[in-house]
$ cat work.txt   # compact mmCIF, C-alpha atoms
# COMPACT_ATOMS: atom_id res chain seq x y z
CA MET H 1 -7.95 9.74 -17.12
CA THR H 2 -11.54 9.30 -18.30
CA PRO H 3 -12.69 9.61 -21.93
CA LEU H 4 -14.14 13.01 -21.02
CA ASP H 5 -10.79 14.09 -19.55
CA LEU H 6 -9.01 12.87 -22.68
CA SER H 7 -11.47 14.72 -24.92
CA ARG H 8 -10.66 17.92 -23.04
CA THR H 9 -6.93 17.18 -23.35
CA VAL H 10 -7.22 16.83 -27.12
CA LEU H 11 -9.23 20.06 -27.25
CA ASP H 12 -6.50 21.77 -25.24
CA ALA H 13 -3.94 20.50 -27.77
CA VAL H 14 -5.96 22.09 -30.59
CA ARG H 15 -6.16 25.33 -28.60
CA CYS H 16 -2.39 25.32 -28.07
CA ALA H 17 -1.77 24.79 -31.78
CA VAL H 18 -4.11 27.66 -32.65
CA ASP H 19 -2.54 29.97 -30.06
CA ALA H 20 0.92 29.13 -31.43
CA GLY H 21 -0.17 30.06 -34.95
CA GLU H 22 0.31 26.50 -36.21
CA LEU H 23 -3.37 26.08 -37.12
CA SER H 24 -5.88 28.64 -38.26
CA VAL H 25 -9.28 27.20 -37.31
CA ASP H 26 -12.18 27.88 -34.99
CA LEU H 27 -12.02 25.69 -31.92
CA PRO H 28 -14.55 22.82 -32.10
CA GLU H 29 -17.11 22.67 -29.31
CA ARG H 30 -16.19 19.08 -28.51
CA VAL H 31 -13.78 16.36 -29.57
CA VAL H 32 -14.80 12.71 -29.81
CA VAL H 33 -12.46 10.00 -28.54
CA ASP H 34 -13.26 6.33 -28.98
CA ARG H 35 -11.65 2.91 -29.03
CA PRO H 36 -9.20 2.52 -31.96
CA GLY H 37 -10.71 1.02 -35.10
CA PRO H 38 -9.11 -1.52 -37.46
CA GLY H 39 -5.47 -0.61 -38.05
CA GLY H 40 -5.40 1.57 -34.94
CA CYS H 41 -3.49 1.09 -31.71
CA GLY H 42 -3.30 2.37 -28.14
CA ASP H 43 -6.14 2.98 -25.72
CA PHE H 44 -8.13 5.64 -27.61
CA ALA H 45 -8.25 7.29 -31.01
CA THR H 46 -9.65 10.55 -32.35
CA ASN H 47 -10.45 11.81 -35.85
CA VAL H 48 -10.06 15.47 -34.87
CA ALA H 49 -7.33 16.00 -37.50
CA LEU H 50 -9.67 14.83 -40.25
CA ARG H 51 -12.38 17.19 -39.00
CA LEU H 52 -10.07 20.20 -38.87
CA ALA H 53 -8.20 19.59 -42.13
CA ARG H 54 -10.58 21.40 -44.49
CA PRO H 55 -11.14 24.54 -42.39
CA ALA H 56 -7.38 24.66 -41.69
CA ASN H 57 -6.60 24.31 -45.41
CA GLU H 58 -4.23 21.47 -44.57
CA THR H 59 -4.15 17.72 -45.13
CA PRO H 60 -5.43 15.58 -42.25
CA LEU H 61 -1.97 14.05 -41.92
CA ARG H 62 -0.36 17.48 -41.55
CA VAL H 63 -2.92 18.52 -38.91
CA ALA H 64 -2.21 15.30 -37.00
CA GLU H 65 1.52 16.00 -37.15
CA ILE H 66 0.91 19.48 -35.73
CA LEU H 67 -1.24 18.20 -32.87
CA ARG H 68 0.92 15.23 -31.89
CA PRO H 69 3.68 17.20 -30.06
CA HIS H 70 1.05 19.01 -28.00
CA LEU H 71 -0.52 15.69 -26.99
CA VAL H 72 2.56 13.61 -26.15
CA THR H 73 3.61 16.16 -23.53
CA ALA H 74 0.19 16.21 -21.83
CA GLU H 75 -0.11 14.67 -18.38
CA GLY H 76 -1.33 11.08 -18.42
CA ILE H 77 -0.41 10.38 -22.05
CA GLN H 78 2.40 7.94 -22.81
CA ASP H 79 2.49 8.04 -26.61
CA VAL H 80 0.58 9.20 -29.69
CA VAL H 81 0.77 7.34 -33.01
CA ILE H 82 -0.62 8.65 -36.29
CA THR H 83 -2.30 6.02 -38.48
CA GLY H 84 -4.25 6.00 -41.72
CA PRO H 85 -5.09 9.38 -43.24
CA GLY H 86 -4.58 11.18 -39.90
CA PHE H 87 -6.07 9.34 -36.94
CA LEU H 88 -4.39 10.13 -33.62
CA ASN H 89 -4.01 6.93 -31.56
CA ILE H 90 -3.37 7.69 -27.91
CA SER H 91 -1.76 5.40 -25.32
CA LEU H 92 -2.31 6.41 -21.72
CA ALA H 93 0.42 6.29 -19.10
CA ALA H 94 -1.23 3.73 -16.82
CA ARG H 95 -3.81 1.13 -17.78
CA ASP H 96 -5.10 0.78 -14.22
CA ASP H 97 -5.65 4.53 -14.02
CA LEU H 98 -7.61 4.41 -17.28
CA THR H 99 -9.87 1.65 -16.02
CA ALA H 100 -10.41 3.24 -12.62
CA GLY H 101 -11.03 6.64 -14.25
CA ILE H 102 -13.79 5.35 -16.51
CA ILE H 103 -15.47 3.42 -13.71
CA ASP H 104 -15.22 6.32 -11.28
CA ASP H 105 -16.71 8.66 -13.88
CA ILE H 106 -19.70 6.36 -14.35
CA LEU H 107 -20.28 5.82 -10.64
CA THR H 108 -19.94 9.55 -9.93
CA ARG H 109 -22.31 10.69 -12.67
CA GLY H 110 -24.71 7.79 -12.25
CA THR H 111 -27.37 7.44 -14.93
CA ALA H 112 -26.30 10.86 -16.25
CA TYR H 113 -23.10 9.26 -17.58
CA GLY H 114 -22.95 9.97 -21.30
CA HIS H 115 -25.09 13.08 -21.12
CA SER H 116 -23.57 16.04 -22.95
CA ARG H 117 -24.28 19.43 -24.50
CA ALA H 118 -23.91 18.20 -28.07
CA LEU H 119 -27.41 19.47 -28.99
CA ALA H 120 -27.47 22.41 -26.56
CA GLY H 121 -29.99 25.03 -27.63
CA GLN H 122 -31.36 22.95 -30.48
CA VAL H 123 -35.05 22.20 -30.95
CA VAL H 124 -35.59 18.89 -32.74
CA VAL H 125 -38.99 18.60 -34.41
CA LEU H 126 -40.14 14.98 -34.70
CA ARG H 127 -42.94 14.70 -37.25
CA VAL H 128 -44.79 11.41 -36.82
CA PRO H 129 -47.91 9.72 -38.20
CA TYR H 130 -50.65 8.48 -35.88
CA GLU H 131 -49.23 4.98 -35.44
CA VAL H 132 -48.22 3.18 -32.24
CA ARG H 133 -44.60 2.39 -33.15
CA ALA H 134 -43.95 5.89 -34.48
CA GLU H 135 -45.32 7.32 -31.24
CA VAL H 136 -43.15 5.07 -29.07
CA VAL H 137 -40.00 5.77 -31.10
CA ALA H 138 -40.62 9.53 -31.02
CA ASP H 139 -41.14 9.44 -27.27
CA ALA H 140 -37.83 7.58 -26.74
CA VAL H 141 -35.98 9.90 -29.13
CA ALA H 142 -37.27 12.90 -27.19
CA ARG H 143 -35.81 11.51 -23.96
CA ILE H 144 -32.47 10.74 -25.61
CA VAL H 145 -32.28 14.17 -27.25
CA ALA H 146 -32.72 15.71 -23.80
CA THR H 147 -29.59 13.88 -22.58
CA GLN H 148 -27.62 15.81 -25.18
CA GLY H 149 -28.94 19.19 -24.11
CA GLY H 150 -31.58 19.48 -26.85
CA ARG H 151 -35.35 19.69 -26.75
CA ALA H 152 -37.67 17.61 -28.91
CA GLU H 153 -41.11 18.63 -30.10
CA ILE H 154 -43.43 15.94 -31.43
CA ALA H 155 -45.71 17.08 -34.25
CA HIS H 156 -48.45 14.75 -35.48
CA LEU H 157 -49.23 14.62 -39.16
CA LYS H 158 -52.71 14.98 -40.49
CA PRO H 159 -53.85 11.89 -42.42
CA ASP H 160 -53.94 13.88 -45.68
CA ASP H 161 -50.32 14.98 -45.22
CA GLU H 162 -48.68 11.65 -44.45
CA ASP H 163 -48.07 10.49 -48.01
CA ARG H 164 -46.42 13.68 -49.25
CA SER H 165 -44.53 14.83 -46.16
CA THR H 166 -40.74 14.64 -46.03
CA GLY H 167 -38.50 14.40 -42.98
CA VAL H 168 -41.03 12.24 -41.15
CA LEU H 169 -40.08 9.77 -38.43
CA ARG H 170 -41.77 6.76 -39.99
CA PRO H 171 -40.56 3.37 -38.71
CA VAL H 172 -42.09 0.24 -40.20
CA PRO H 173 -45.44 -0.13 -38.37
CA ALA H 174 -46.10 -2.87 -35.85
CA PRO H 175 -48.02 -5.74 -37.46
CA GLU H 176 -50.39 -5.93 -34.50
CA ASP H 177 -51.17 -4.30 -31.18
CA PRO H 178 -48.19 -4.83 -28.81
CA ALA H 179 -50.21 -4.01 -25.66
CA PRO H 180 -50.76 -7.70 -24.68
CA LEU H 181 -47.00 -8.02 -24.13
CA GLY H 182 -47.15 -5.59 -21.22
CA PRO H 183 -45.46 -2.19 -21.06
CA ASP H 184 -41.79 -3.22 -20.86
CA ALA H 185 -41.81 -5.99 -23.48
CA ALA H 186 -43.99 -3.88 -25.78
CA GLN H 187 -41.54 -0.98 -25.58
CA TRP H 188 -38.63 -3.29 -26.34
CA ALA H 189 -40.42 -5.02 -29.21
CA LEU H 190 -40.99 -1.64 -30.88
CA LEU H 191 -37.63 -0.02 -30.10
CA HIS H 192 -35.04 -2.78 -30.44
CA PRO H 193 -35.37 -3.35 -34.22
CA ALA H 194 -34.00 -0.72 -36.59
CA ALA H 195 -36.62 1.62 -38.02
CA HIS H 196 -36.59 -0.15 -41.40
CA ASP H 197 -37.17 -3.58 -39.81
CA ARG H 198 -40.63 -4.91 -39.01
CA PRO H 199 -40.97 -5.51 -35.25
CA ARG H 200 -41.91 -8.93 -33.92
CA ILE H 201 -44.93 -8.83 -31.63
CA SER H 202 -44.61 -12.25 -30.02
CA ALA H 203 -44.36 -13.96 -26.65
CA ASP H 204 -40.61 -14.45 -27.27
CA HIS H 205 -40.11 -11.07 -25.59
CA LEU H 206 -41.58 -12.46 -22.35
CA VAL H 207 -39.56 -15.66 -21.91
CA GLN H 208 -36.83 -15.65 -19.27
CA ARG H 209 -34.15 -17.30 -21.36
CA GLU H 210 -30.78 -16.33 -22.83
CA SER H 211 -32.38 -16.22 -26.27
CA ASN H 212 -34.36 -13.15 -25.20
CA PRO H 213 -32.18 -9.97 -25.40
CA LEU H 214 -34.54 -8.00 -23.16
CA PHE H 215 -34.30 -10.68 -20.47
CA ARG H 216 -30.48 -10.65 -20.66
CA VAL H 217 -30.33 -6.88 -20.22
CA ARG H 218 -32.77 -6.76 -17.31
CA TYR H 219 -31.32 -9.87 -15.68
CA ALA H 220 -27.79 -8.45 -15.89
CA HIS H 221 -28.97 -5.32 -14.07
CA ALA H 222 -30.79 -7.35 -11.42
CA ARG H 223 -27.68 -9.52 -10.87
CA VAL H 224 -25.57 -6.42 -10.25
CA ARG H 225 -28.07 -5.11 -7.72
CA SER H 226 -28.07 -8.52 -6.00
CA LEU H 227 -24.26 -8.54 -5.83
CA SER H 228 -24.25 -5.04 -4.34
CA ARG H 229 -26.67 -6.14 -1.63
CA ALA H 230 -24.59 -9.24 -0.88
CA ALA H 231 -21.37 -7.19 -0.74
CA HIS H 232 -23.01 -4.86 1.76
CA LEU H 233 -23.84 -7.82 3.98
CA LEU H 234 -20.21 -8.95 3.72
CA GLY H 235 -19.03 -5.52 4.78
CA PHE H 236 -17.46 -4.10 1.62
CA THR H 237 -18.40 -1.62 -1.08
CA ALA H 238 -17.32 -0.81 -4.61
CA GLU H 239 -13.99 0.93 -5.10
CA PRO H 240 -12.44 1.44 -8.58
CA GLY H 241 -8.89 0.14 -8.72
CA ASP H 242 -6.68 -2.80 -9.62
CA ASN H 243 -8.37 -6.18 -10.01
CA GLY H 244 -5.26 -7.85 -8.72
CA ASP H 245 -2.87 -10.48 -10.07
CA HIS H 246 -4.33 -13.97 -10.20
CA GLY H 247 -1.67 -15.92 -12.09
CA ASP H 248 -3.03 -18.04 -14.92
CA THR H 249 -6.51 -16.49 -14.69
CA ASP H 250 -5.23 -12.89 -14.88
CA ALA H 251 -4.97 -12.74 -18.68
CA ALA H 252 -8.47 -14.14 -19.16
CA GLU H 253 -9.90 -11.75 -16.58
CA GLN H 254 -8.13 -8.80 -18.17
CA THR H 255 -9.53 -9.75 -21.57
CA ALA H 256 -13.06 -9.99 -20.12
CA GLN H 257 -12.62 -6.66 -18.38
CA ASN H 258 -11.43 -4.98 -21.58
CA THR H 259 -14.38 -6.47 -23.44
CA LEU H 260 -16.75 -4.76 -21.01
CA LEU H 261 -14.81 -1.49 -20.86
CA THR H 262 -15.16 -1.05 -24.61
CA PRO H 263 -18.97 -0.59 -24.64
CA LEU H 264 -18.88 1.34 -21.36
CA THR H 265 -16.43 3.80 -22.91
CA ALA H 266 -18.55 4.00 -26.07
CA HIS H 267 -21.76 4.79 -24.18
CA PRO H 268 -21.52 8.61 -24.52
CA ARG H 269 -20.98 8.25 -28.28
CA ILE H 270 -23.90 5.85 -28.58
CA LEU H 271 -26.22 8.32 -26.85
CA THR H 272 -25.11 11.15 -29.14
CA THR H 273 -25.60 8.98 -32.23
CA ALA H 274 -29.03 7.79 -31.07
CA ALA H 275 -30.05 11.41 -30.47
CA THR H 276 -28.76 12.88 -33.73
CA GLN H 277 -29.92 9.99 -35.92
CA HIS H 278 -33.26 9.57 -34.10
CA ALA H 279 -32.37 5.91 -33.57
CA PRO H 280 -33.23 4.48 -30.14
CA ASP H 281 -32.53 1.02 -31.57
CA ARG H 282 -28.81 1.95 -31.40
CA LEU H 283 -29.15 2.34 -27.65
CA ALA H 284 -31.19 -0.86 -27.25
CA ARG H 285 -28.61 -2.98 -29.07
CA HIS H 286 -25.81 -1.27 -27.15
CA LEU H 287 -27.40 -2.35 -23.86
CA VAL H 288 -27.41 -5.96 -25.09
CA THR H 289 -23.67 -5.65 -25.80
CA VAL H 290 -23.02 -4.30 -22.29
CA ALA H 291 -25.06 -7.06 -20.65
CA ASP H 292 -23.39 -9.85 -22.64
CA ALA H 293 -19.93 -8.48 -21.80
CA LEU H 294 -20.82 -8.22 -18.12
CA PHE H 295 -21.94 -11.80 -17.47
CA PRO H 296 -18.46 -13.46 -17.56
CA LEU H 297 -17.21 -11.10 -14.83
CA LEU H 298 -20.01 -11.60 -12.33
CA PRO H 299 -18.90 -14.93 -10.76
CA GLY H 300 -15.67 -13.35 -9.47
CA VAL H 301 -17.19 -10.32 -7.79
CA LEU H 302 -17.86 -11.83 -4.35
CA PRO H 303 -15.33 -13.73 -2.22
CA LEU H 304 -15.57 -17.51 -2.47
CA GLY H 305 -15.38 -19.96 0.42
CA GLU H 306 -13.10 -18.67 3.16
CA GLU H 307 -11.85 -15.72 1.11
CA LYS H 308 -11.95 -12.32 2.73
CA PRO H 309 -13.04 -9.25 0.74
CA GLU H 310 -9.95 -7.67 -0.81
CA ALA H 311 -9.15 -4.74 -3.08
CA ALA H 312 -9.71 -6.95 -6.13
CA HIS H 313 -13.27 -7.74 -5.02
CA ARG H 314 -14.01 -4.05 -4.46
CA ALA H 315 -12.64 -3.25 -7.92
CA ARG H 316 -14.69 -5.95 -9.60
CA LEU H 317 -17.81 -4.79 -7.79
CA ALA H 318 -17.12 -1.23 -8.99
CA LEU H 319 -16.85 -2.42 -12.59
CA ALA H 320 -20.06 -4.43 -12.26
CA GLU H 321 -21.91 -1.49 -10.68
CA ALA H 322 -20.68 0.79 -13.47
CA ALA H 323 -22.15 -1.58 -16.05
CA GLY H 324 -25.37 -1.83 -14.03
CA THR H 325 -25.58 1.97 -13.97
CA VAL H 326 -25.28 2.16 -17.76
CA LEU H 327 -27.95 -0.54 -18.13
CA ALA H 328 -30.32 1.25 -15.74
CA GLY H 329 -29.86 4.60 -17.47
CA GLY H 330 -30.34 3.12 -20.91
CA LEU H 331 -33.45 1.18 -19.99
CA SER H 332 -34.95 4.30 -18.43
CA LEU H 333 -34.40 6.25 -21.65
CA LEU H 334 -36.21 3.49 -23.53
CA GLY H 335 -39.11 3.69 -21.09
CA ILE H 336 -38.38 0.26 -19.61
CA ASP H 337 -38.13 -0.67 -15.94
CA ALA H 338 -34.75 -1.76 -14.58
CA PRO H 339 -35.69 -4.32 -11.90
CA GLU H 340 -33.94 -4.76 -8.56
CA HIS H 341 -35.00 -8.42 -8.54
CA LEU H 342 -35.68 -10.75 -11.45
$ encode --input "work.txt" --output "structure tokens"
Amino acid sequence: MTPLDLSRTVLDAVRCAVDAGELSVDLPERVVVDRPGPGGCGDFATNVALRLARPANETPLRVAEILRPHLVTAEGIQDVVITGPGFLNISLAARDDLTAGIIDDILTRGTAYGHSRALAGQVVVLRVPYEVRAEVVADAVARIVATQGGRAEIAHLKPDDEDRSTGVLRPVPAPEDPAPLGPDAAQWALLHPAAHDRPRISADHLVQRESNPLFRVRYAHARVRSLSRAAHLLGFTAEPGDNGDHGDTDAAEQTAQNTLLTPLTAHPRILTTAATQHAPDRLARHLVTVADALFPLLPGVLPLGEEKPEAAHRARLALAEAAGTVLAGGLSLLGIDAPEHL
């Protein structure tokens, strides 16, 4: 079961409760599921009960209690625990199925993974001053808004209007011309910091070292592409599934896998947040998180020595390619090249 499947399952539970007369609310267009926060448990959590409480004229806890029986009987769900004011924490029936489902969803949808209809039919007007960073941020926001089904229009302010206009996309200006950095590093230098932070226009963005976040993201993608080419030469391809049991190393590998699955699962939410808050920096920092979580898994993707390619290698390659797909899609939205070689 993928996060999208689970979101639909939760929405079906709401529909069942409404049809049974247990809740009197309009069905939401979408339901967000995410990793449990502090105090949560299980594989996923949703705040749908908190969202529906006011229109239902009920407490969030009561709404959660109404929805729980409809969820625990759904296919693929093992248990549902209510925590806090009314969060529904969902444990899936099979961990391997969860992992394979997420990876398969990413590989099937490709760089369209995370795209939704959250802003369907909406026209987002981005009012920007004539300034290089504002232009670059607006351009990236427009691409991200499109992934959520919306359409962005960029309106430039007249110099006389800039001081008294409200609702303007006005990030802290670049201290100098970023063009000498080249197109990719310049884009990153302007988009990676939050809008209220002054961007650094320095050669640090060009160095190929671990200290450079842009290098880590692009290098992680290039490593995945290299592993895919090597796997092809060895005669195997990616296939979501069980990574296998490797004794003492299994727990460490499972922890590393879970660390990567967390940002991969969160990717759709990150895109929606970046679109609605006009914050491409959210996406840029998310890509750094994905890349950093990917690196520990890469050495085990290919067979070593006399090993033959097995199901575990195909599963690890699938996970790596899923992460590479998210990195490629995110870099493209930021207007940055995702290299095949680096």
$ atom_distance --input "work.txt" --atom1 "CA of Arg15 in chain H" --atom2 "CA of Pro268 in chain H"
23.1 Å
$ residues_around --input "work.txt" --residues "range 331-339 of chain H" --least-positions-apart "4" --cutoff "10 Å" --atoms "all atoms listed in the file" --output "PyMOL selection string"
chain H and resi 111+136-137+139-147+183-188+191-192+214+217-223+225+271+280-281+283-284+287+324-327
$ write_last_selection --input "work.txt" --atoms "C-alpha atoms" --output "PDB file, keeping the file's coordinate frame"
ATOM      1  CA  THR H 111     -27.370   7.440 -14.930  1.00  0.00           C
ATOM      2  CA  VAL H 136     -43.150   5.070 -29.070  1.00  0.00           C
ATOM      3  CA  VAL H 137     -40.000   5.770 -31.100  1.00  0.00           C
ATOM      4  CA  ASP H 139     -41.140   9.440 -27.270  1.00  0.00           C
ATOM      5  CA  ALA H 140     -37.830   7.580 -26.740  1.00  0.00           C
ATOM      6  CA  VAL H 141     -35.980   9.900 -29.130  1.00  0.00           C
ATOM      7  CA  ALA H 142     -37.270  12.900 -27.190  1.00  0.00           C
ATOM      8  CA  ARG H 143     -35.810  11.510 -23.960  1.00  0.00           C
ATOM      9  CA  ILE H 144     -32.470  10.740 -25.610  1.00  0.00           C
ATOM     10  CA  VAL H 145     -32.280  14.170 -27.250  1.00  0.00           C
ATOM     11  CA  ALA H 146     -32.720  15.710 -23.800  1.00  0.00           C
ATOM     12  CA  THR H 147     -29.590  13.880 -22.580  1.00  0.00           C
ATOM     13  CA  PRO H 183     -45.460  -2.190 -21.060  1.00  0.00           C
ATOM     14  CA  ASP H 184     -41.790  -3.220 -20.860  1.00  0.00           C
ATOM     15  CA  ALA H 185     -41.810  -5.990 -23.480  1.00  0.00           C
ATOM     16  CA  ALA H 186     -43.990  -3.880 -25.780  1.00  0.00           C
ATOM     17  CA  GLN H 187     -41.540  -0.980 -25.580  1.00  0.00           C
ATOM     18  CA  TRP H 188     -38.630  -3.290 -26.340  1.00  0.00           C
ATOM     19  CA  LEU H 191     -37.630  -0.020 -30.100  1.00  0.00           C
ATOM     20  CA  HIS H 192     -35.040  -2.780 -30.440  1.00  0.00           C
ATOM     21  CA  LEU H 214     -34.540  -8.000 -23.160  1.00  0.00           C
ATOM     22  CA  VAL H 217     -30.330  -6.880 -20.220  1.00  0.00           C
ATOM     23  CA  ARG H 218     -32.770  -6.760 -17.310  1.00  0.00           C
ATOM     24  CA  TYR H 219     -31.320  -9.870 -15.680  1.00  0.00           C
ATOM     25  CA  ALA H 220     -27.790  -8.450 -15.890  1.00  0.00           C
ATOM     26  CA  HIS H 221     -28.970  -5.320 -14.070  1.00  0.00           C
ATOM     27  CA  ALA H 222     -30.790  -7.350 -11.420  1.00  0.00           C
ATOM     28  CA  ARG H 223     -27.680  -9.520 -10.870  1.00  0.00           C
ATOM     29  CA  ARG H 225     -28.070  -5.110  -7.720  1.00  0.00           C
ATOM     30  CA  LEU H 271     -26.220   8.320 -26.850  1.00  0.00           C
ATOM     31  CA  PRO H 280     -33.230   4.480 -30.140  1.00  0.00           C
ATOM     32  CA  ASP H 281     -32.530   1.020 -31.570  1.00  0.00           C
ATOM     33  CA  LEU H 283     -29.150   2.340 -27.650  1.00  0.00           C
ATOM     34  CA  ALA H 284     -31.190  -0.860 -27.250  1.00  0.00           C
ATOM     35  CA  LEU H 287     -27.400  -2.350 -23.860  1.00  0.00           C
ATOM     36  CA  GLY H 324     -25.370  -1.830 -14.030  1.00  0.00           C
ATOM     37  CA  THR H 325     -25.580   1.970 -13.970  1.00  0.00           C
ATOM     38  CA  VAL H 326     -25.280   2.160 -17.760  1.00  0.00           C
ATOM     39  CA  LEU H 327     -27.950  -0.540 -18.130  1.00  0.00           C
TER      40      LEU H 327
END
$ residues_around --input "work.txt" --residues "Pro193 in chain H" --least-positions-apart "4" --cutoff "10 Å" --atoms "only C-alpha atoms" --output "PDB file with C-alpha atoms, in the coordinates of the input"
ATOM      1  CA  PRO H 171     -40.560   3.370 -38.710  1.00  0.00           C
ATOM      2  CA  VAL H 172     -42.090   0.240 -40.200  1.00  0.00           C
ATOM      3  CA  TRP H 188     -38.630  -3.290 -26.340  1.00  0.00           C
ATOM      4  CA  ALA H 189     -40.420  -5.020 -29.210  1.00  0.00           C
ATOM      5  CA  ASP H 197     -37.170  -3.580 -39.810  1.00  0.00           C
ATOM      6  CA  ARG H 198     -40.630  -4.910 -39.010  1.00  0.00           C
ATOM      7  CA  PRO H 199     -40.970  -5.510 -35.250  1.00  0.00           C
ATOM      8  CA  ARG H 200     -41.910  -8.930 -33.920  1.00  0.00           C
ATOM      9  CA  ALA H 279     -32.370   5.910 -33.570  1.00  0.00           C
ATOM     10  CA  PRO H 280     -33.230   4.480 -30.140  1.00  0.00           C
ATOM     11  CA  ASP H 281     -32.530   1.020 -31.570  1.00  0.00           C
ATOM     12  CA  ARG H 282     -28.810   1.950 -31.400  1.00  0.00           C
ATOM     13  CA  ALA H 284     -31.190  -0.860 -27.250  1.00  0.00           C
ATOM     14  CA  ARG H 285     -28.610  -2.980 -29.070  1.00  0.00           C
TER      15      ARG H 285
END
$ atom_distance --input "work.txt" --atom1 "CA of Leu264 in chain H" --atom2 "CA of Ile77 in chain H"
20.6 Å
$ atom_distance --input "work.txt" --atom1 "CA of Asn47 in chain H" --atom2 "CA of Gln257 in chain H"
25.5 Å
$ residues_around --input "work.txt" --residues "His70 in chain H" --least-positions-apart "4" --cutoff "12 Å" --atoms "all atoms listed in the file" --output "PyMOL selection string"
chain H and resi 9-20+22+63-66+74-75+77+79-80+88
$ closest_residue --input "work.txt" --among "H:Thr273, H:Gln78, H:Thr237, H:Asn258" --to "Thr99 in chain H" --atoms "only C-alpha atoms"
H:Asn258
$ closest_residue --input "work.txt" --among "H:Val224, H:Ala174, H:Val72, H:Val31" --to "Ser202 in chain H" --atoms "all atoms listed in the file"
H:Ala174
$ build_atoms --input "work.txt" --residues "range 267-282 of chain H" --atoms "N, CA and C atoms" --output "PDB file, in the coordinates of the input"
ATOM      1  N   HIS H 267     -20.387   4.392 -24.515  1.00  0.00           N
ATOM      2  CA  HIS H 267     -21.760   4.790 -24.180  1.00  0.00           C
ATOM      3  C   HIS H 267     -22.072   6.253 -24.499  1.00  0.00           C
ATOM      4  N   PRO H 268     -21.209   7.217 -24.157  1.00  0.00           N
ATOM      5  CA  PRO H 268     -21.520   8.610 -24.520  1.00  0.00           C
ATOM      6  C   PRO H 268     -21.704   8.795 -26.023  1.00  0.00           C
ATOM      7  N   ARG H 269     -20.852   8.134 -26.815  1.00  0.00           N
ATOM      8  CA  ARG H 269     -20.980   8.250 -28.280  1.00  0.00           C
ATOM      9  C   ARG H 269     -22.274   7.629 -28.767  1.00  0.00           C
ATOM     10  N   ILE H 270     -22.667   6.515 -28.175  1.00  0.00           N
ATOM     11  CA  ILE H 270     -23.900   5.850 -28.580  1.00  0.00           C
ATOM     12  C   ILE H 270     -25.100   6.758 -28.317  1.00  0.00           C
ATOM     13  N   LEU H 271     -25.116   7.420 -27.166  1.00  0.00           N
ATOM     14  CA  LEU H 271     -26.220   8.320 -26.850  1.00  0.00           C
ATOM     15  C   LEU H 271     -26.283   9.478 -27.843  1.00  0.00           C
ATOM     16  N   THR H 272     -25.128  10.036 -28.175  1.00  0.00           N
ATOM     17  CA  THR H 272     -25.110  11.150 -29.140  1.00  0.00           C
ATOM     18  C   THR H 272     -25.608  10.684 -30.500  1.00  0.00           C
ATOM     19  N   THR H 273     -25.166   9.512 -30.935  1.00  0.00           N
ATOM     20  CA  THR H 273     -25.600   8.980 -32.230  1.00  0.00           C
ATOM     21  C   THR H 273     -27.099   8.693 -32.223  1.00  0.00           C
ATOM     22  N   ALA H 274     -27.594   8.082 -31.156  1.00  0.00           N
ATOM     23  CA  ALA H 274     -29.030   7.790 -31.070  1.00  0.00           C
ATOM     24  C   ALA H 274     -29.851   9.063 -31.106  1.00  0.00           C
ATOM     25  N   ALA H 275     -29.320  10.133 -30.496  1.00  0.00           N
ATOM     26  CA  ALA H 275     -30.050  11.410 -30.470  1.00  0.00           C
ATOM     27  C   ALA H 275     -30.034  12.080 -31.837  1.00  0.00           C
ATOM     28  N   THR H 276     -28.870  12.146 -32.464  1.00  0.00           N
ATOM     29  CA  THR H 276     -28.760  12.880 -33.730  1.00  0.00           C
ATOM     30  C   THR H 276     -29.371  12.123 -34.900  1.00  0.00           C
ATOM     31  N   GLN H 277     -29.364  10.786 -34.833  1.00  0.00           N
ATOM     32  CA  GLN H 277     -29.920   9.990 -35.920  1.00  0.00           C
ATOM     33  C   GLN H 277     -31.344   9.510 -35.628  1.00  0.00           C
ATOM     34  N   HIS H 278     -31.883   9.947 -34.482  1.00  0.00           N
ATOM     35  CA  HIS H 278     -33.260   9.570 -34.100  1.00  0.00           C
ATOM     36  C   HIS H 278     -33.410   8.047 -34.120  1.00  0.00           C
ATOM     37  N   ALA H 279     -32.437   7.371 -33.481  1.00  0.00           N
ATOM     38  CA  ALA H 279     -32.370   5.910 -33.570  1.00  0.00           C
ATOM     39  C   ALA H 279     -32.236   5.278 -32.187  1.00  0.00           C
ATOM     40  N   PRO H 280     -33.325   5.137 -31.442  1.00  0.00           N
ATOM     41  CA  PRO H 280     -33.230   4.480 -30.140  1.00  0.00           C
ATOM     42  C   PRO H 280     -32.812   3.023 -30.229  1.00  0.00           C
ATOM     43  N   ASP H 281     -32.961   2.415 -31.406  1.00  0.00           N
ATOM     44  CA  ASP H 281     -32.530   1.020 -31.570  1.00  0.00           C
ATOM     45  C   ASP H 281     -31.027   0.902 -31.353  1.00  0.00           C
ATOM     46  N   ARG H 282     -30.256   1.965 -31.661  1.00  0.00           N
ATOM     47  CA  ARG H 282     -28.810   1.950 -31.400  1.00  0.00           C
ATOM     48  C   ARG H 282     -28.550   1.754 -29.916  1.00  0.00           C
TER      49      ARG H 282
END
